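Next comes upload-v2.cif, with mmCIF, C-alpha atoms.
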data_run
loop_
_atom_site.label_atom_id
_atom_site.label_comp_id
_atom_site.auth_asym_id
_atom_site.auth_seq_id
_atom_site.Cartn_x
_atom_site.Cartn_y
_atom_site.Cartn_z
CA MET A 1 -56.26 -55.59 53.98
CA LEU A 2 -58.11 -55.40 50.67
CA VAL A 3 -58.25 -51.64 50.88
CA GLN A 4 -59.54 -50.21 47.64
CA SER A 5 -59.90 -46.58 48.52
CA SER A 6 -58.13 -45.54 45.33
CA ALA A 7 -60.84 -47.11 43.21
CA ALA A 8 -62.69 -43.89 42.54
CA GLY A 9 -60.18 -41.20 43.43
CA PRO A 10 -60.70 -38.58 46.17
CA PRO A 11 -64.02 -36.79 46.61
CA PRO A 12 -63.69 -33.82 44.22
CA ARG A 13 -63.89 -30.37 45.80
CA ALA A 14 -66.56 -28.22 44.21
CA GLY A 15 -65.00 -25.91 41.67
CA SER A 16 -61.59 -27.64 41.63
CA GLN A 17 -60.05 -28.64 38.33
CA TYR A 18 -60.52 -32.30 39.24
CA ALA A 19 -64.20 -31.68 39.97
CA GLN A 20 -64.62 -30.04 36.57
CA LEU A 21 -62.89 -32.93 34.85
CA SER A 22 -64.91 -35.50 36.82
CA ARG A 23 -68.15 -33.96 35.64
CA ARG A 24 -67.04 -34.18 32.02
CA VAL A 25 -65.94 -37.79 32.43
CA LYS A 26 -69.19 -38.85 34.12
CA GLN A 27 -71.35 -37.02 31.60
CA ALA A 28 -69.53 -38.88 28.81
CA GLY A 29 -70.39 -42.21 30.49
CA LEU A 30 -66.72 -43.17 30.76
CA LEU A 31 -67.03 -44.73 34.23
CA GLU A 32 -69.72 -47.24 33.24
CA ARG A 33 -68.71 -50.89 33.72
CA ARG A 34 -67.95 -53.01 30.64
CA PRO A 35 -69.01 -56.56 31.61
CA GLY A 36 -69.02 -57.80 28.01
CA TYR A 37 -65.42 -56.78 27.44
CA TYR A 38 -64.19 -58.33 30.66
CA GLY A 39 -66.25 -61.48 30.13
CA VAL A 40 -64.51 -62.04 26.81
CA ARG A 41 -61.09 -61.10 28.20
CA ILE A 42 -61.39 -63.43 31.20
CA GLY A 43 -62.69 -66.22 28.97
CA VAL A 44 -59.84 -65.85 26.47
CA VAL A 45 -57.14 -65.77 29.13
CA GLY A 46 -58.72 -68.72 30.98
CA PHE A 47 -59.02 -70.80 27.81
CA ALA A 48 -55.44 -69.97 26.83
CA PHE A 49 -54.21 -71.08 30.28
CA VAL A 50 -55.95 -74.44 30.02
CA ALA A 51 -54.89 -74.97 26.40
CA THR A 52 -51.24 -74.09 27.05
CA TRP A 53 -50.92 -76.38 30.06
CA ALA A 54 -52.63 -79.14 28.03
CA VAL A 55 -50.04 -78.68 25.29
CA PHE A 56 -47.33 -78.77 27.96
CA VAL A 57 -48.52 -82.18 29.14
CA LEU A 58 -48.94 -83.54 25.59
CA VAL A 59 -45.49 -82.43 24.43
CA GLY A 60 -43.85 -84.13 27.40
CA PRO A 61 -40.17 -84.06 28.37
CA SER A 62 -38.68 -81.91 25.62
CA TRP A 63 -36.51 -78.81 25.44
CA TRP A 64 -39.19 -77.40 23.12
CA GLN A 65 -41.05 -76.72 26.35
CA LEU A 66 -39.01 -73.54 26.65
CA CYS A 67 -41.35 -72.18 23.95
CA THR A 68 -44.23 -73.06 26.27
CA ALA A 69 -42.43 -71.15 29.02
CA VAL A 70 -42.46 -68.02 26.84
CA VAL A 71 -46.19 -68.37 26.15
CA LEU A 72 -46.94 -68.89 29.84
CA ALA A 73 -44.90 -65.80 30.76
CA VAL A 74 -47.21 -63.79 28.52
CA LEU A 75 -50.34 -65.44 29.95
CA PHE A 76 -49.21 -64.93 33.55
CA THR A 77 -48.76 -61.22 32.86
CA GLN A 78 -52.13 -60.94 31.13
CA ALA A 79 -53.74 -62.62 34.15
CA GLY A 80 -51.87 -60.13 36.33
CA PHE A 81 -53.44 -57.27 34.37
CA LEU A 82 -56.89 -58.71 35.11
CA GLY A 83 -55.99 -58.94 38.78
CA HIS A 84 -54.91 -55.30 38.61
CA ASP A 85 -58.25 -54.27 37.09
CA ALA A 86 -60.15 -56.25 39.73
CA GLY A 87 -58.11 -54.55 42.47
CA HIS A 88 -59.32 -51.18 41.18
CA ARG A 89 -62.93 -52.40 40.95
CA GLN A 90 -62.97 -51.85 37.22
CA ILE A 91 -64.69 -55.13 36.38
CA PHE A 92 -67.73 -55.34 38.68
CA ARG A 93 -69.58 -52.85 40.86
CA SER A 94 -69.54 -55.38 43.70
CA ARG A 95 -66.39 -55.33 45.83
CA ARG A 96 -66.85 -59.02 46.62
CA ALA A 97 -67.03 -59.98 42.94
CA ASN A 98 -63.88 -57.98 42.21
CA ASP A 99 -62.09 -59.55 45.18
CA VAL A 100 -62.99 -63.08 44.07
CA THR A 101 -61.83 -62.32 40.53
CA GLY A 102 -58.61 -60.83 41.84
CA LEU A 103 -57.88 -63.72 44.18
CA LEU A 104 -58.39 -66.28 41.42
CA HIS A 105 -56.22 -64.47 38.90
CA ALA A 106 -53.48 -63.35 41.31
CA ASN A 107 -53.20 -66.04 43.97
CA LEU A 108 -54.35 -69.11 42.08
CA LEU A 109 -53.24 -68.50 38.49
CA ILE A 110 -49.93 -66.69 38.97
CA GLY A 111 -48.99 -67.16 42.64
CA LEU A 112 -49.07 -63.55 43.90
CA SER A 113 -50.96 -62.29 46.95
CA PHE A 114 -53.87 -60.14 45.82
CA GLY A 115 -54.38 -58.57 49.25
CA TRP A 116 -50.73 -57.62 49.68
CA TRP A 117 -50.51 -56.19 46.18
CA VAL A 118 -53.74 -54.14 46.44
CA ASP A 119 -52.55 -52.54 49.67
CA LYS A 120 -49.15 -51.68 48.18
CA HIS A 121 -50.60 -50.47 44.89
CA ASN A 122 -53.18 -48.23 46.55
CA ARG A 123 -50.42 -46.51 48.51
CA HIS A 124 -48.65 -45.89 45.21
CA HIS A 125 -51.82 -44.44 43.66
CA ALA A 126 -52.39 -42.12 46.59
CA ASN A 127 -48.85 -40.69 46.42
CA PRO A 128 -47.20 -41.47 43.07
CA ASN A 129 -43.48 -40.65 42.91
CA THR A 130 -43.60 -39.05 46.36
CA GLU A 131 -40.61 -39.56 48.63
CA GLY A 132 -41.44 -41.39 51.82
CA ALA A 133 -44.94 -42.35 50.64
CA ASP A 134 -44.74 -44.23 47.33
CA PRO A 135 -43.52 -47.84 47.84
CA ASP A 136 -42.75 -48.12 44.13
CA ILE A 137 -39.74 -45.79 44.43
CA VAL A 138 -38.24 -47.76 47.31
CA VAL A 139 -37.06 -50.88 45.49
CA ALA A 140 -33.76 -52.44 46.57
CA PRO A 141 -31.16 -52.69 45.18
CA LEU A 142 -32.03 -49.70 42.97
CA ALA A 143 -32.07 -45.98 43.80
CA PHE A 144 -34.52 -43.57 42.19
CA THR A 145 -33.28 -40.33 43.78
CA ALA A 146 -29.87 -38.87 44.54
CA GLY A 147 -30.86 -38.91 48.21
CA GLN A 148 -31.32 -42.68 48.07
CA ALA A 149 -28.02 -43.18 46.23
CA ARG A 150 -25.74 -40.83 48.15
CA PRO A 151 -25.33 -42.77 51.43
CA LEU A 152 -24.82 -46.17 49.79
CA ARG A 153 -21.57 -48.10 50.13
CA GLY A 154 -20.11 -51.38 48.95
CA ALA A 155 -21.96 -53.78 46.66
CA ARG A 156 -25.23 -51.81 46.75
CA ALA A 157 -23.40 -48.66 45.66
CA ALA A 158 -21.74 -50.56 42.80
CA ILE A 159 -25.11 -51.83 41.59
CA VAL A 160 -26.61 -48.35 41.73
CA ARG A 161 -23.63 -46.95 39.83
CA TRP A 162 -24.46 -49.28 36.93
CA GLN A 163 -28.21 -49.55 37.46
CA GLY A 164 -29.05 -48.01 34.10
CA TYR A 165 -27.41 -51.02 32.48
CA LEU A 166 -28.49 -53.57 35.09
CA PHE A 167 -32.18 -52.64 35.22
CA LEU A 168 -33.39 -54.98 32.50
CA PRO A 169 -31.31 -57.96 33.71
CA LEU A 170 -32.56 -57.34 37.26
CA LEU A 171 -36.16 -57.56 36.03
CA THR A 172 -35.60 -61.30 35.53
CA LEU A 173 -35.74 -61.49 39.35
CA GLU A 174 -38.94 -59.44 39.63
CA ALA A 175 -41.30 -62.43 39.66
CA LEU A 176 -39.22 -64.16 42.34
CA SER A 177 -39.30 -60.97 44.41
CA LEU A 178 -43.09 -60.73 44.08
CA HIS A 179 -43.57 -64.39 45.05
CA LEU A 180 -41.37 -63.98 48.13
CA SER A 181 -43.08 -60.74 49.14
CA SER A 182 -46.45 -62.47 48.81
CA VAL A 183 -45.40 -65.33 51.10
CA VAL A 184 -43.90 -62.94 53.66
CA ALA A 185 -47.07 -60.85 53.60
CA VAL A 186 -49.59 -63.66 54.07
CA PHE A 187 -47.60 -65.24 56.90
CA GLY A 188 -46.17 -62.13 58.49
CA ARG A 189 -49.00 -59.64 58.95
CA ARG A 190 -52.69 -59.40 59.69
CA MET A 191 -54.59 -59.78 56.47
CA LYS A 192 -58.21 -60.02 55.50
CA ARG A 193 -58.98 -63.47 54.05
CA ARG A 194 -55.56 -64.78 55.15
CA ARG A 195 -56.67 -68.43 55.05
CA THR A 196 -58.07 -68.05 51.56
CA GLU A 197 -54.90 -66.31 50.37
CA VAL A 198 -52.64 -68.97 51.90
CA ALA A 199 -54.77 -71.81 50.50
CA LEU A 200 -54.79 -70.38 46.97
CA LEU A 201 -51.07 -69.62 47.01
CA GLY A 202 -50.36 -73.12 48.28
CA LEU A 203 -52.60 -74.67 45.64
CA HIS A 204 -50.88 -72.68 42.91
CA ALA A 205 -47.40 -73.76 44.08
CA ALA A 206 -48.46 -77.41 44.42
CA LEU A 207 -50.07 -77.57 40.98
CA TYR A 208 -47.32 -75.62 39.22
CA LEU A 209 -44.41 -77.60 40.66
CA SER A 210 -46.21 -80.95 40.34
CA VAL A 211 -47.03 -80.50 36.68
CA VAL A 212 -43.57 -79.20 35.80
CA PHE A 213 -41.61 -81.96 37.52
CA LEU A 214 -44.00 -84.80 36.66
CA VAL A 215 -43.73 -83.95 32.96
CA LEU A 216 -40.12 -82.78 32.66
CA SER A 217 -36.82 -84.17 33.87
CA PRO A 218 -35.36 -82.42 36.92
CA LEU A 219 -32.89 -80.41 34.78
CA GLN A 220 -35.54 -79.49 32.23
CA GLY A 221 -37.92 -78.54 35.01
CA VAL A 222 -35.44 -76.19 36.67
CA VAL A 223 -34.53 -74.53 33.36
CA PHE A 224 -38.22 -74.22 32.45
CA ILE A 225 -39.02 -72.46 35.74
CA VAL A 226 -36.02 -70.12 35.43
CA VAL A 227 -36.99 -69.13 31.87
CA HIS A 228 -40.70 -68.84 32.63
CA GLN A 229 -40.39 -66.85 35.84
CA GLY A 230 -37.57 -64.72 34.45
CA LEU A 231 -39.58 -63.69 31.38
CA PHE A 232 -42.69 -63.19 33.50
CA GLY A 233 -40.75 -60.71 35.63
CA VAL A 234 -39.32 -58.92 32.60
CA TYR A 235 -42.72 -58.57 30.94
CA LEU A 236 -44.48 -57.45 34.11
CA GLY A 237 -41.74 -54.97 34.99
CA SER A 238 -41.62 -53.67 31.43
CA ALA A 239 -45.33 -52.88 31.57
CA PHE A 240 -45.10 -50.93 34.84
CA ALA A 241 -41.69 -49.22 34.63
CA PRO A 242 -42.43 -46.70 31.82
CA ASN A 243 -45.41 -45.29 33.71
CA HIS A 244 -43.57 -43.20 36.34
CA LYS A 245 -39.84 -43.88 36.31
CA GLY A 246 -37.98 -40.81 35.10
CA MET A 247 -40.94 -38.52 35.82
CA PRO A 248 -40.76 -35.77 38.50
CA ILE A 249 -40.34 -37.06 42.06
CA LEU A 250 -42.18 -35.01 44.66
CA PRO A 251 -40.67 -34.22 48.07
CA ALA A 252 -42.14 -35.75 51.20
CA GLY A 253 -45.12 -33.77 52.42
CA SER A 254 -45.85 -32.25 49.02
CA THR A 255 -49.12 -30.31 49.03
CA LEU A 256 -49.70 -30.56 45.29
CA ASP A 257 -53.40 -31.15 44.61
CA PHE A 258 -54.68 -34.53 43.40
CA PHE A 259 -55.16 -33.51 39.77
CA HIS A 260 -51.66 -32.09 39.28
CA ARG A 261 -50.03 -34.82 41.38
CA GLN A 262 -51.44 -37.57 39.20
CA VAL A 263 -50.86 -35.92 35.83
CA LEU A 264 -47.38 -34.52 36.39
CA THR A 265 -45.89 -37.74 37.79
CA SER A 266 -47.35 -40.06 35.11
CA ARG A 267 -46.28 -40.85 31.57
CA ASN A 268 -48.47 -42.24 28.80
CA VAL A 269 -47.15 -44.56 26.12
CA ARG A 270 -48.40 -43.79 22.63
CA GLY A 271 -49.48 -46.77 20.58
CA ASN A 272 -52.21 -48.80 18.93
CA ALA A 273 -54.54 -51.67 19.78
CA PHE A 274 -51.58 -54.05 20.09
CA ILE A 275 -49.87 -51.78 22.64
CA ASP A 276 -53.17 -51.50 24.55
CA VAL A 277 -53.33 -55.30 24.88
CA ALA A 278 -49.62 -55.82 25.46
CA LEU A 279 -49.48 -53.25 28.28
CA GLY A 280 -52.88 -54.08 29.76
CA GLY A 281 -54.12 -50.52 29.33
CA LEU A 282 -51.35 -49.21 31.57
CA ASN A 283 -50.11 -47.16 28.63
CA TYR A 284 -52.95 -44.75 29.54
CA GLN A 285 -51.34 -44.10 32.89
CA ILE A 286 -52.52 -40.51 33.28
CA GLU A 287 -56.16 -41.47 32.70
CA HIS A 288 -55.80 -44.51 34.94
CA HIS A 289 -54.33 -42.50 37.81
CA LEU A 290 -56.98 -39.82 37.59
CA PHE A 291 -59.82 -42.38 37.46
CA PRO A 292 -58.54 -45.75 38.77
CA SER A 293 -61.98 -47.42 38.56
CA MET A 294 -62.40 -46.54 34.88
CA PRO A 295 -62.65 -49.79 32.88
CA ARG A 296 -59.63 -50.56 30.74
CA PRO A 297 -61.40 -50.42 27.33
CA THR A 298 -62.69 -46.89 28.08
CA LEU A 299 -59.28 -45.36 28.71
CA ARG A 300 -58.58 -44.68 25.03
CA ARG A 301 -61.78 -42.61 24.73
CA ALA A 302 -61.05 -40.82 27.99
CA GLN A 303 -57.61 -39.83 26.77
CA VAL A 304 -59.04 -37.46 24.17
CA LEU A 305 -61.11 -35.63 26.77
CA ILE A 306 -58.40 -35.53 29.45
CA ARG A 307 -55.62 -34.44 27.12
CA GLN A 308 -57.80 -31.58 25.89
CA PHE A 309 -58.64 -30.61 29.49
CA CYS A 310 -54.94 -30.47 30.37
CA ARG A 311 -54.28 -28.32 27.32
CA GLU A 312 -57.07 -25.92 28.33
CA HIS A 313 -55.58 -25.50 31.82
CA GLY A 314 -51.93 -25.35 30.77
CA VAL A 315 -50.99 -28.61 32.52
CA GLU A 316 -48.18 -30.60 30.93
CA TYR A 317 -49.45 -33.93 29.55
CA CYS A 318 -46.59 -36.37 28.98
CA GLU A 319 -47.02 -38.90 26.20
CA THR A 320 -44.29 -40.61 24.21
CA THR A 321 -43.47 -43.82 22.34
CA LEU A 322 -42.64 -47.06 24.12
CA TRP A 323 -39.01 -46.93 23.04
CA ARG A 324 -38.55 -43.31 24.10
CA SER A 325 -40.22 -44.01 27.45
CA TRP A 326 -37.69 -46.76 28.09
CA ARG A 327 -34.85 -44.49 27.06
CA GLU A 328 -36.06 -41.92 29.59
CA VAL A 329 -36.34 -44.56 32.32
CA LEU A 330 -32.83 -45.86 31.75
CA ARG A 331 -31.39 -42.36 31.41
CA HIS A 332 -32.92 -41.39 34.77
CA LEU A 333 -31.49 -44.48 36.47
CA ASP A 334 -28.07 -43.81 34.96
CA THR A 335 -28.16 -40.16 36.04
CA VAL A 336 -29.08 -41.06 39.62
CA GLY A 337 -26.39 -43.72 39.74
CA SER A 338 -23.55 -41.63 38.33
CA ALA A 339 -24.15 -38.12 39.67
CA PRO A 340 -23.48 -37.61 42.44
CA ASP A 341 -21.12 -40.51 42.98
CA PRO A 342 -22.86 -42.83 45.49
CA VAL A 343 -19.59 -44.41 46.62
#
Here is the file; what I need is its structure written in the form of structure tokens.
Amino acid sequence: MLVQSSAAGPPPRAGSQYAQLSRRVKQAGLLERRPGYYGVRIGVVGFAFVATWAVFVLVGPSWWQLCTAVVLAVLFTQAGFLGHDAGHRQIFRSRRANDVTGLLHANLLIGLSFGWWVDKHNRHHANPNTEGADPDIVVAPLAFTAGQARPLRGARAAIVRWQGYLFLPLLTLEALSLHLSSVVAVFGRRMKRRRTEVALLGLHAALYLSVVFLVLSPLQGVVFIVVHQGLFGVYLGSAFAPNHKGMPILPAGSTLDFFHRQVLTSRNVRGNAFIDVALGGLNYQIEHHLFPSMPRPTLRRAQVLIRQFCREHGVEYCETTLWRSWREVLRHLDTVGSAPDPV
């Protein structure tokens, strides 16, 4: 199930715009692996995990542990970004090394199935914002197109009507949804390395719950988990949502070529080094979708080349601030929910 066909994009057709761009990118050395960067990044995140859990144990049964929950929500998301990079084979040339890295960061550290996520994410990369093909625009209880909203009735229709306002609160359930989807996937379908995935997910759950409830009182433990997992979901969802939501949605069977499909359905978030770290490089969504195996630290350099290429060929290149991207996401959700009336 660890299908990583999106790692390098489709074979470019000679003379196509994507082929021209690929040559420029390769000549600039932008696809070369960055082992030093990832070695430091993995080391920092790993050390921070150990240090934060050590502090958790030392502080003991205290409501101050809710501050620890906030820190762990950040670390879980940062580990998720490393799992994402491993899934795209950005870290190592070896598929096995990337798979091991992904399994450790996803299954063991944060409790999400790496194999399930890679399969789902590759389908998104192949057909971003495409009806009937992109799993990321089929997310109950939300609706991302008028066609999804129109036939709804009852409670689901009421949620969609107000989804522009409910989106952020609903993100507090995102981590729970991902955990449940991971469990369903590893037990409900054929999966490569199923035993390894089950063992690592089980080990994560056992260690996480044991530490929380051995250190905290039952009430404190429950509140800690709710705050931690809720913020983890909000952070993770906030990093992914601005990338495509509110951008053009392509009809099923669209024949748009790879280059235009990836650029026109993606949105970049303008920022600085802090934004790069906070969003795990996903703020360079156009560059990432065109070259999924490009290492995260190279995306900023690639942006200059790719933005210029789009300008030369008259292709719209969408880039905005973080706040404006969120405004566009919420406006799109509100528009879908209110017109036409889904009830």
Item to complete: Give as a ChimeraX atom specification the residues that the PyMOL selection byres ((chain A and resi 129) around 9) matches when applied to the coordinates above.
Response: /A:124,127-128,130-131,133-137,244-245,247-251,261,265-266
Worksheet item: Selected by the PyMOL selection byres ((chain A and resi 14-24) around 8) in the shown coordinates: which residues, as a PyMOL selection string?
Response: chain A and resi 12-13+25-28+258-259+306+309
Item to complete: Kindly give the distance, in Å, that separates atom CA of Cys318 of chain A and atom CA of Leu30 of chain A, rounded to a single decimal.
Response: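 Computed distance, atom CA of Cys318 of chain A to atom CA of Leu30 of chain A, equals 21.3 Å.
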Worksheet item: Which residue gives the smallest distance to Asp85 of chain A among A:Gly271, A:Gly314, A:Pro297, A:Gly29, with all atoms listed in the file counted?
Response: A:Pro297
Worksheet item: Within 8 Å of Leu171 of chain A, counting only C-alpha atoms, which residues qualify if same-chain residues fewer than 6 places away don't, as a ChimeraX atom specification?
Response: /A:230,233-234,237
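The gap separating atom CA of Leu203 of chain A from atom CA of Trp53 of chain A is 15.8 Å, in Å to one decimal.
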Produce the centre coordinates and the three edge lengths, each in Å to one decimal, of the box along x, y and z that contains all listed atoms of segment 196-209 of chain A with 3 Å added on each side, as JSON.
{"center_x": -51.2, "center_y": -72.0, "center_z": 45.6, "size_x": 19.7, "size_y": 17.3, "size_z": 18.7}
Discussion item. So the first atom is atom CA of Thr255 of chain A and the second is atom CA of Leu330 of chain A; what is the distance between them in Å, to one decimal place?
Written reply: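 Separation between atom CA of Thr255 of chain A and atom CA of Leu330 of chain A: 28.4 Å.
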Worksheet item: Counting all atoms listed in the file, what is within 7 Å of Leu216 of chain A, bar same-chain residues fewer than 4 positions away, as a ChimeraX atom specification?
Response: /A:60-61,212,220-221
Item to complete: Determine the residue set returned by the PyMOL selection byres ((chain A and resi 159) around 12) for the present structure, and present it as JSON, numbers by chain.
Response: {"A": [140, 141, 142, 143, 149, 152, 153, 154, 155, 156, 157, 158, 160, 161, 162, 163, 164, 165, 166, 167, 169, 170, 333, 334, 336, 337, 338, 342, 343]}
Write the selection just made, keeping C-alpha atoms, as an mmCIF file, in the coordinates of the input?
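Resulting contents of selection.cif:
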data_model
loop_
_atom_site.group_PDB
_atom_site.id
_atom_site.type_symbol
_atom_site.label_atom_id
_atom_site.label_comp_id
_atom_site.auth_asym_id
_atom_site.auth_seq_id
_atom_site.Cartn_x
_atom_site.Cartn_y
_atom_site.Cartn_z
ATOM 1 C CA ALA A 140 -33.760 -52.440 46.570
ATOM 2 C CA PRO A 141 -31.160 -52.690 45.180
ATOM 3 C CA LEU A 142 -32.030 -49.700 42.970
ATOM 4 C CA ALA A 143 -32.070 -45.980 43.800
ATOM 5 C CA ALA A 149 -28.020 -43.180 46.230
ATOM 6 C CA LEU A 152 -24.820 -46.170 49.790
ATOM 7 C CA ARG A 153 -21.570 -48.100 50.130
ATOM 8 C CA GLY A 154 -20.110 -51.380 48.950
ATOM 9 C CA ALA A 155 -21.960 -53.780 46.660
ATOM 10 C CA ARG A 156 -25.230 -51.810 46.750
ATOM 11 C CA ALA A 157 -23.400 -48.660 45.660
ATOM 12 C CA ALA A 158 -21.740 -50.560 42.800
ATOM 13 C CA VAL A 160 -26.610 -48.350 41.730
ATOM 14 C CA ARG A 161 -23.630 -46.950 39.830
ATOM 15 C CA TRP A 162 -24.460 -49.280 36.930
ATOM 16 C CA GLN A 163 -28.210 -49.550 37.460
ATOM 17 C CA GLY A 164 -29.050 -48.010 34.100
ATOM 18 C CA TYR A 165 -27.410 -51.020 32.480
ATOM 19 C CA LEU A 166 -28.490 -53.570 35.090
ATOM 20 C CA PHE A 167 -32.180 -52.640 35.220
ATOM 21 C CA PRO A 169 -31.310 -57.960 33.710
ATOM 22 C CA LEU A 170 -32.560 -57.340 37.260
ATOM 23 C CA LEU A 333 -31.490 -44.480 36.470
ATOM 24 C CA ASP A 334 -28.070 -43.810 34.960
ATOM 25 C CA VAL A 336 -29.080 -41.060 39.620
ATOM 26 C CA GLY A 337 -26.390 -43.720 39.740
ATOM 27 C CA SER A 338 -23.550 -41.630 38.330
ATOM 28 C CA PRO A 342 -22.860 -42.830 45.490
ATOM 29 C CA VAL A 343 -19.590 -44.410 46.620
#
Practice prompt. Name the residues in contact with Phe81 of chain A at a cut-off of 10 Å, using only C-alpha atoms, excluding same-chain residues fewer than 6 positions from it; report them as number ranges by chain.
Written response: A: 75, 87, 102, 105-106, 236, 239, 277-282, 296
Discussion item. Nearest residue to Asn107 of chain A out of A:Ala54, A:Ala69, A:Ala205, A:Leu168, using only C-alpha atoms?
Written reply: A:Ala205
Discussion item. Using only C-alpha atoms, which protein or nucleic acid residues come within 9 Å of segment 177-181 of chain A? Drop anything in the same chain fewer than 4 positions from it, and give the result as a list in words.
Written reply: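 Those residues are Gly111, Leu112, Ser113, Trp116, Trp117, Leu173, Ala185, Val186 and Gly233 of chain A.
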Worksheet, complete the sentence: From the list A:Arg193, A:Arg270, A:His228, A:His288, the nearest residue to Glu174 of chain A using only C-alpha atoms is A:His228
Worksheet item: For Ala79 of chain A, which of A:Phe213, A:Tyr208, A:Tyr38, A:Tyr284 is the closest residue, counting all atoms listed in the file?
Response: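 Under the stated criterion, the closest residue is A:Tyr38.
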Could I see segment 252-263 of chain A restored to N, CA and C atoms, set down as an mmCIF file, in the coordinates of the input?
data_model
loop_
_atom_site.group_PDB
_atom_site.id
_atom_site.type_symbol
_atom_site.label_atom_id
_atom_site.label_comp_id
_atom_site.auth_asym_id
_atom_site.auth_seq_id
_atom_site.Cartn_x
_atom_site.Cartn_y
_atom_site.Cartn_z
ATOM 1 N N ALA A 252 -41.240 -35.297 50.138
ATOM 2 C CA ALA A 252 -42.140 -35.750 51.200
ATOM 3 C C ALA A 252 -42.967 -34.571 51.710
ATOM 4 N N GLY A 253 -44.247 -34.816 51.924
ATOM 5 C CA GLY A 253 -45.120 -33.770 52.420
ATOM 6 C C GLY A 253 -45.606 -32.807 51.368
ATOM 7 N N SER A 254 -45.410 -33.129 50.101
ATOM 8 C CA SER A 254 -45.850 -32.250 49.020
ATOM 9 C C SER A 254 -47.348 -31.955 49.143
ATOM 10 N N THR A 255 -47.716 -30.712 48.925
ATOM 11 C CA THR A 255 -49.120 -30.310 49.030
ATOM 12 C C THR A 255 -49.775 -30.144 47.650
ATOM 13 N N LEU A 256 -49.134 -30.640 46.634
ATOM 14 C CA LEU A 256 -49.700 -30.560 45.290
ATOM 15 C C LEU A 256 -51.067 -31.227 45.270
ATOM 16 N N ASP A 257 -52.050 -30.595 44.613
ATOM 17 C CA ASP A 257 -53.400 -31.150 44.610
ATOM 18 C C ASP A 257 -53.455 -32.439 43.800
ATOM 19 N N PHE A 258 -54.538 -33.204 43.997
ATOM 20 C CA PHE A 258 -54.680 -34.530 43.400
ATOM 21 C C PHE A 258 -54.523 -34.497 41.886
ATOM 22 N N PHE A 259 -55.186 -33.566 41.222
ATOM 23 C CA PHE A 259 -55.160 -33.510 39.770
ATOM 24 C C PHE A 259 -53.733 -33.341 39.247
ATOM 25 N N HIS A 260 -53.018 -32.345 39.755
ATOM 26 C CA HIS A 260 -51.660 -32.090 39.280
ATOM 27 C C HIS A 260 -50.697 -33.206 39.706
ATOM 28 N N ARG A 261 -50.892 -33.737 40.906
ATOM 29 C CA ARG A 261 -50.030 -34.820 41.380
ATOM 30 C C ARG A 261 -50.081 -36.019 40.438
ATOM 31 N N GLN A 262 -51.287 -36.390 40.028
ATOM 32 C CA GLN A 262 -51.440 -37.570 39.200
ATOM 33 C C GLN A 262 -50.944 -37.345 37.769
ATOM 34 N N VAL A 263 -51.240 -36.179 37.219
ATOM 35 C CA VAL A 263 -50.860 -35.920 35.830
ATOM 36 C C VAL A 263 -49.358 -35.708 35.679
#
